[in-house]
Amino acid sequence: MRLRHAVTAATLGLAVAGWVLMIWLMDGMDMGPATPLGPFAIFVAGWASMIAAMMLPGTVPAVVRRARAGAGMAALFVAAYLGVWTLVGVAVFALYRPHGPAAAGVLVIAAGGYELTPVKRHFRRRCGESGHSGFGYGLHCVGSSIGLMLVLVAVGLMNIGWMCVITALCLAQKLLPARAAVDVPLALAVVALGLVLLTAPEVVPGLHPPPSPLDGGGHHHSHH
């Protein structure tokens, strides 16, 4: 019992540390879809922090099950799980380009479509089961959450507000049983967001960077 509590606390503590580190690393970098990713090492550190922040809370039941074999096994499980997601980050770094609202809209519509596929349902079911290695669990959970993460990549990888929304959705999908009455409207809402990005991007929050001290008109805004 005590080990279970310790493992839960450690996993959630890692998640909190992830949020703190991520917010520190990403401070001032959010430019919506036009955000450049910066140097590889900094990006991977930020990505790993983001994954710890966003995904670890939902892994607590799986990590606690693994802890029955000892705290070391639980730590290996978490490390392998984060390792899989870090490889996804490397792929994102390789493929990502700063983009405009139109490209973001296309990506988000594709992500919404993925949410409706049997592939998504399969991975989500497997992500909710026990008995995987950390690596297998990571692969299944990547398959389950990749559509929602694609939304984040599309609208602004460094946007804390969007990160919170996607975190809540990923957490709900990890911990709650799949139900068409919830999942289908969510997928349609994602598609609708993509359509809004294509047609009226100015209404989407967080899409445009806050004006810099020297905006396009050359006016200087005073800093407090």
# chains A, B, ... in the order shown; residues from 1 in each chain; ligands from 1
$ residues_around --residues "Leu197 (chain A)" --least-positions-apart "6" --cutoff "8 Å" --atoms "only C-alpha atoms" --output "ChimeraX atom specification"
/A:101-102,104-105,204
$ write_last_selection --atoms "all heavy atoms" --output "mmCIF file, in the first residue's frame"
data_model
loop_
_atom_site.group_PDB
_atom_site.id
_atom_site.type_symbol
_atom_site.label_atom_id
_atom_site.label_comp_id
_atom_site.auth_asym_id
_atom_site.auth_seq_id
_atom_site.Cartn_x
_atom_site.Cartn_y
_atom_site.Cartn_z
ATOM 1 N N PRO A 101 -2.295 29.337 -40.717
ATOM 2 C CA PRO A 101 -3.576 28.769 -40.277
ATOM 3 C C PRO A 101 -4.145 27.742 -41.252
ATOM 4 O O PRO A 101 -4.804 26.790 -40.832
ATOM 5 C CB PRO A 101 -4.491 29.997 -40.182
ATOM 6 C CG PRO A 101 -3.579 31.164 -40.043
ATOM 7 C CD PRO A 101 -2.325 30.808 -40.779
ATOM 8 N N ALA A 102 -3.896 27.906 -42.560
ATOM 9 C CA ALA A 102 -4.469 26.962 -43.538
ATOM 10 C C ALA A 102 -3.877 25.567 -43.341
ATOM 11 O O ALA A 102 -4.610 24.571 -43.271
ATOM 12 C CB ALA A 102 -4.213 27.461 -44.958
ATOM 13 N N ALA A 104 -2.479 24.512 -40.633
ATOM 14 C CA ALA A 104 -2.963 24.059 -39.318
ATOM 15 C C ALA A 104 -4.357 23.457 -39.449
ATOM 16 O O ALA A 104 -4.659 22.406 -38.861
ATOM 17 C CB ALA A 104 -2.972 25.231 -38.330
ATOM 18 N N GLY A 105 -5.210 24.104 -40.219
ATOM 19 C CA GLY A 105 -6.582 23.615 -40.412
ATOM 20 C C GLY A 105 -6.611 22.235 -41.041
ATOM 21 O O GLY A 105 -7.358 21.345 -40.601
ATOM 22 N N VAL A 204 -9.791 31.854 -33.438
ATOM 23 C CA VAL A 204 -9.228 30.749 -32.649
ATOM 24 C C VAL A 204 -8.243 31.315 -31.632
ATOM 25 O O VAL A 204 -7.283 31.981 -32.005
ATOM 26 C CB VAL A 204 -8.510 29.726 -33.565
ATOM 27 C CG1 VAL A 204 -7.881 28.608 -32.732
ATOM 28 C CG2 VAL A 204 -9.484 29.160 -34.588
#
$ closest_residue --among "A:Gly18, A:Gly194, A:Gly143, A:Gly134" --to "Phe77 (chain A)" --atoms "only C-alpha atoms"
A:Gly134
$ residues_around --residues "Val151 (chain A)" --least-positions-apart "4" --cutoff "9 Å" --atoms "only C-alpha atoms" --output "list in words"
Ala104, Leu107, Val108, Ile109, Ala111, Gly112, Ile146, Gly147, Val155, Gly156, Leu157, Trp162, Ile166, Val190 and Gly194 of chain A
$ residues_around --residues "Val78 (chain A)" --least-positions-apart "3" --cutoff "8 Å" --atoms "only C-alpha atoms" --output "list in words"
Val63, Ala74, Ala75, Tyr81, Leu82 and Gly134 of chain A
$ write_last_selection --atoms "N, CA, C and O atoms" --output "compact mmCIF listing (two decimals), in the first residue's frame"
# COMPACT_ATOMS: atom_id res chain seq x y z
N VAL A 63 1.34 2.38 -13.95
CA VAL A 63 2.61 2.40 -13.21
C VAL A 63 2.42 1.71 -11.85
O VAL A 63 3.28 0.94 -11.41
N ALA A 74 8.83 -0.26 -11.85
CA ALA A 74 7.95 0.89 -12.13
C ALA A 74 8.76 2.02 -12.79
O ALA A 74 8.30 2.65 -13.76
N ALA A 75 9.98 2.25 -12.28
CA ALA A 75 10.83 3.31 -12.85
C ALA A 75 11.22 2.98 -14.29
O ALA A 75 11.19 3.85 -15.17
N TYR A 81 8.28 4.26 -21.34
CA TYR A 81 7.10 4.98 -21.84
C TYR A 81 7.50 6.37 -22.34
O TYR A 81 7.15 6.78 -23.46
N LEU A 82 8.26 7.10 -21.53
CA LEU A 82 8.71 8.44 -21.93
C LEU A 82 9.67 8.36 -23.12
O LEU A 82 9.68 9.25 -23.98
N GLY A 134 6.73 -1.18 -20.65
CA GLY A 134 6.63 0.28 -20.80
C GLY A 134 6.69 0.69 -22.26
O GLY A 134 6.01 1.62 -22.70
$ closest_residue --among "A:Gly100, A:Gly83, A:Pro39, A:Gly70" --to "Ala154 (chain A)" --atoms "only C-alpha atoms"
A:Gly100
$ atom_distance --atom1 "CA of Leu193 (chain A)" --atom2 "CA of Pro205 (chain A)"
11.0 Å
$ select_by_dssp --residues "region 15-222 of chain A" --states "strand (DSSP E or B)" --output "ChimeraX atom specification"
/A:31,33,214,220
$ write_last_selection --atoms "all heavy atoms" --output "PDB file, in the first residue's frame"
ATOM      1  N   MET A  31       4.455  31.379 -30.788  1.00  0.00           N
ATOM      2  CA  MET A  31       4.039  32.218 -31.913  1.00  0.00           C
ATOM      3  C   MET A  31       2.956  31.504 -32.719  1.00  0.00           C
ATOM      4  O   MET A  31       2.868  31.634 -33.939  1.00  0.00           O
ATOM      5  CB  MET A  31       5.249  32.533 -32.800  1.00  0.00           C
ATOM      6  CG  MET A  31       6.294  33.403 -32.112  1.00  0.00           C
ATOM      7  SD  MET A  31       7.863  33.435 -33.023  1.00  0.00           S
ATOM      8  CE  MET A  31       7.329  34.061 -34.605  1.00  0.00           C
ATOM      9  N   PRO A  33       1.019  28.762 -34.851  1.00  0.00           N
ATOM     10  CA  PRO A  33       1.523  27.801 -35.839  1.00  0.00           C
ATOM     11  C   PRO A  33       2.871  28.208 -36.437  1.00  0.00           C
ATOM     12  O   PRO A  33       3.581  27.369 -36.982  1.00  0.00           O
ATOM     13  CB  PRO A  33       0.440  27.799 -36.925  1.00  0.00           C
ATOM     14  CG  PRO A  33      -0.767  28.375 -36.280  1.00  0.00           C
ATOM     15  CD  PRO A  33      -0.279  29.312 -35.224  1.00  0.00           C
ATOM     16  N   LEU A 214       8.010  45.871 -30.336  1.00  0.00           N
ATOM     17  CA  LEU A 214       8.087  46.617 -31.593  1.00  0.00           C
ATOM     18  C   LEU A 214       7.178  45.929 -32.600  1.00  0.00           C
ATOM     19  O   LEU A 214       7.581  44.961 -33.227  1.00  0.00           O
ATOM     20  CB  LEU A 214       9.532  46.640 -32.118  1.00  0.00           C
ATOM     21  CG  LEU A 214      10.491  47.557 -31.358  1.00  0.00           C
ATOM     22  CD1 LEU A 214      11.922  47.287 -31.763  1.00  0.00           C
ATOM     23  CD2 LEU A 214      10.141  49.018 -31.604  1.00  0.00           C
ATOM     24  N   HIS A 220       6.469  51.740 -30.281  1.00  0.00           N
ATOM     25  CA  HIS A 220       7.098  51.098 -29.121  1.00  0.00           C
ATOM     26  C   HIS A 220       6.113  51.065 -27.966  1.00  0.00           C
ATOM     27  O   HIS A 220       5.603  52.103 -27.557  1.00  0.00           O
ATOM     28  CB  HIS A 220       8.358  51.876 -28.720  1.00  0.00           C
ATOM     29  CG  HIS A 220       9.169  51.136 -27.697  1.00  0.00           C
ATOM     30  ND1 HIS A 220       9.977  50.074 -28.030  1.00  0.00           N
ATOM     31  CD2 HIS A 220       9.273  51.281 -26.360  1.00  0.00           C
ATOM     32  CE1 HIS A 220      10.548  49.610 -26.931  1.00  0.00           C
ATOM     33  NE2 HIS A 220      10.137  50.333 -25.917  1.00  0.00           N
TER      34      HIS A 220
END
$ closest_residue --among "A:Val7, A:Ala192, A:Val165, A:Cys170" --to "Arg68 (chain A)" --atoms "only C-alpha atoms"
A:Val7
$ select_by_dssp --residues "region 7-218 of chain A" --states "helix (DSSP H, G or I)" --output "VMD selection string"
chain A and resid 7 to 26 40 to 69 71 to 95 101 to 115 118 to 127 134 to 155 160 to 175 180 to 199 201 to 203
$ closest_residue --among "A:Met29, A:Ala69, A:Leu148, A:Val119" --to "Gln173 (chain A)" --atoms "only C-alpha atoms"
A:Leu148
$ closest_residue --among "A:Val182, A:Val84, A:Met26, A:Leu56" --to "Ser133 (chain A)" --atoms "only C-alpha atoms"
A:Val84
$ atom_distance --atom1 "CA of Thr117 (chain A)" --atom2 "CA of Asp183 (chain A)"
11.1 Å
$ residues_around --residues "Leu186 (chain A)" --least-positions-apart "5" --cutoff "10 Å" --atoms "only C-alpha atoms" --output "list in words"
Gly112, Glu115, Leu116, Leu169, Ala180, Ala181, Val191 and Ala192 of chain A
$ atom_distance --atom1 "CA of Pro36 (chain A)" --atom2 "CA of Met158 (chain A)"
9.6 Å
$ closest_residue --among "A:Gly72, A:Pro98, A:Gly46, A:Pro57" --to "Val153 (chain A)" --atoms "only C-alpha atoms"
A:Pro98
